[in-house]
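Student: Got a structure for you, final_17.tsv, holding TSV, C-alpha atoms.
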chain	number	residue	atom	x	y	z
A	1	MET	CA	25.51	49.78	16.39
A	2	THR	CA	25.59	53.47	15.55
A	3	GLU	CA	29.34	53.56	16.23
A	4	ILE	CA	29.93	50.86	13.64
A	5	LEU	CA	27.77	52.58	11.05
A	6	ALA	CA	29.53	55.87	11.80
A	7	LEU	CA	32.78	54.22	10.72
A	8	LEU	CA	31.32	53.84	7.23
A	9	GLN	CA	31.50	57.60	6.84
A	10	ASN	CA	35.29	57.28	6.70
A	11	ILE	CA	35.15	55.31	3.45
A	12	GLU	CA	32.71	57.68	1.78
A	13	PRO	CA	35.36	59.10	-0.62
A	14	VAL	CA	36.11	55.63	-2.00
A	15	VAL	CA	32.65	54.07	-2.41
A	16	SER	CA	29.30	55.31	-3.66
A	17	ALA	CA	26.30	56.12	-1.50
A	18	THR	CA	24.54	53.00	-2.76
A	19	ILE	CA	27.41	50.77	-1.65
A	20	LEU	CA	27.46	52.47	1.76
A	21	GLN	CA	23.76	51.80	2.19
A	22	GLN	CA	24.18	48.17	1.12
A	23	MET	CA	27.09	47.75	3.53
A	24	SER	CA	25.06	49.15	6.40
A	25	HIS	CA	22.27	46.65	5.68
A	26	VAL	CA	24.72	43.74	5.58
A	27	ILE	CA	26.49	44.84	8.77
A	28	TYR	CA	23.17	45.22	10.57
A	29	GLY	CA	22.06	41.77	9.40
A	30	MET	CA	25.33	40.17	10.50
A	31	LEU	CA	25.17	41.72	13.95
A	32	ILE	CA	21.52	40.86	14.55
A	33	SER	CA	21.38	37.31	13.16
A	34	ASN	CA	22.19	34.29	15.23
A	35	GLY	CA	23.59	30.98	14.11
A	36	ARG	CA	24.98	30.59	10.63
A	37	ILE	CA	25.71	33.76	8.72
A	38	THR	CA	24.59	33.21	5.15
A	39	MET	CA	23.28	35.64	2.55
A	40	LEU	CA	19.78	34.30	3.08
A	41	GLU	CA	20.09	34.69	6.86
A	42	ILE	CA	21.37	38.26	6.50
A	43	SER	CA	18.52	39.18	4.17
A	44	ARG	CA	15.97	37.77	6.63
A	45	TRP	CA	17.28	39.84	9.53
A	46	THR	CA	17.69	43.14	7.71
A	47	GLU	CA	14.95	45.68	7.52
A	48	LYS	CA	13.52	47.23	4.38
A	49	GLY	CA	16.12	47.53	1.66
A	50	GLY	CA	18.21	44.53	2.67
A	51	SER	CA	16.90	41.94	0.25
A	52	TYR	CA	18.82	38.92	-0.97
A	53	ARG	CA	19.39	40.69	-4.28
A	54	THR	CA	20.82	43.76	-2.51
A	55	ILE	CA	23.35	41.57	-0.74
A	56	GLN	CA	24.26	39.90	-4.03
A	57	ARG	CA	24.83	43.31	-5.62
A	58	LEU	CA	27.15	44.32	-2.79
A	59	TYR	CA	29.18	41.11	-2.98
A	60	HIS	CA	29.57	41.46	-6.75
A	61	ALA	CA	30.46	45.16	-6.71
A	62	PRO	CA	34.10	45.94	-7.52
A	63	LEU	CA	35.52	47.56	-4.39
A	64	LEU	CA	38.98	48.93	-3.69
A	65	TRP	CA	39.52	46.92	-0.52
A	66	LEU	CA	43.07	48.13	0.02
A	67	GLN	CA	41.94	51.76	0.08
A	68	ILE	CA	38.94	50.91	2.27
A	69	GLN	CA	41.15	49.14	4.81
A	70	TRP	CA	43.64	52.01	4.71
A	71	LEU	CA	40.91	54.55	5.47
A	72	PHE	CA	39.67	52.44	8.38
A	73	LEU	CA	43.23	52.21	9.70
A	74	LEU	CA	43.71	55.98	9.44
A	75	ALA	CA	40.41	56.63	11.23
A	76	SER	CA	41.38	54.26	14.03
A	77	TYR	CA	44.79	55.88	14.34
A	78	LYS	CA	43.26	59.37	14.47
A	79	ASN	CA	40.83	58.24	17.19
A	80	GLN	CA	43.71	56.88	19.27
A	81	ILE	CA	45.67	60.11	18.94
A	82	MET	CA	42.63	62.21	19.87
A	83	ASN	CA	41.92	60.09	22.97
A	84	THR	CA	45.44	60.35	24.39
What is this structure when it is put down as structure tokens?
Tutor:
Amino acid sequence: MTEILALLQNIEPVVSATILQQMSHVIYGMLISNGRITMLEISRWTEKGGSYRTIQRLYHAPLLWLQIQWLFLLASYKNQIMNT
């Protein structure tokens, strides 16, 4: 779990601290919940700060997904180079 949340640090230049916190709540809720993954289910499994409204705010936030994916790709590539 901590490894996944550590990956969010790579996208810090592109998104705000609030969005990072909301993403970490959603990721935690998705990994913990069982069965159907809905916004209500995610909000039930998250801890404090992961309300239904928080998840709605994240899903309606304008994000630069191309840049976010690019930063994840670069981080993965750097990890592979460092491990070889």
Student: Could you list as number ranges by chain every residue that has an atom within 10 Å of (22.7, 34.6, 1.7), using the file's coordinates and counting all atoms listed in the file?
Tutor: A: 37-44, 51-53, 55-56
Student: For Thr18 in chain A, work out the shell of residues within 12 Å, counting all atoms listed in the file and skipping chain neighbours fewer than 4 positions away, then give it as a list in words.
Tutor: Glu12, Val14, Gln22, Met23, Ser24, His25, Gly49, Gly50, Thr54, Ile55, Arg57, Leu58 and Ala61 of chain A
Student: Given only C-alpha atoms as the basis, pick out the residue of A:Leu31, A:Thr2, A:Arg36, A:Asn10 nearest to Asn79 in chain A.
Tutor: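 Smallest distance to Asn79 in chain A is found for A:Asn10.
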Student: How many Å lie between CA of Trp45 in chain A and CA of Val26 in chain A, rounded to one decimal?
Tutor: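 For CA of Trp45 in chain A relative to CA of Val26 in chain A, the distance reads 9.3 Å.
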Student: What gap, in Å, lies between CA of Leu7 in chain A and CA of Ile32 in chain A?
Tutor: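 CA of Ile32 in chain A lies 17.9 Å from CA of Leu7 in chain A.
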Student: Around (32.4, 54.2, 5.7) in the file's frame, which residues reach within 10 Å when counting only C-alpha atoms? Return as JSON, numbers by chain?
Tutor: {"A": [4, 5, 6, 7, 8, 9, 10, 11, 12, 13, 14, 15, 16, 17, 19, 20, 21, 23, 24, 68, 71, 72]}
Student: What does the structure give for the distance between CA of Ile27 in chain A and CA of Lys48 in chain A, in Å to one decimal?
Tutor: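 Here the two named atoms are 13.9 Å from each other.
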Student: Could the centre and edge lengths of an axis-aligned box, enclosing all atoms of range 16-34 of chain A in the file with 5 Å extra on each side, be given in Å to one decimal as AutoDock Vina command-line options?
Tutor:
--center_x 25.3 --center_y 45.2 --center_z 5.8 --size_x 17.9 --size_y 31.8 --size_z 28.9
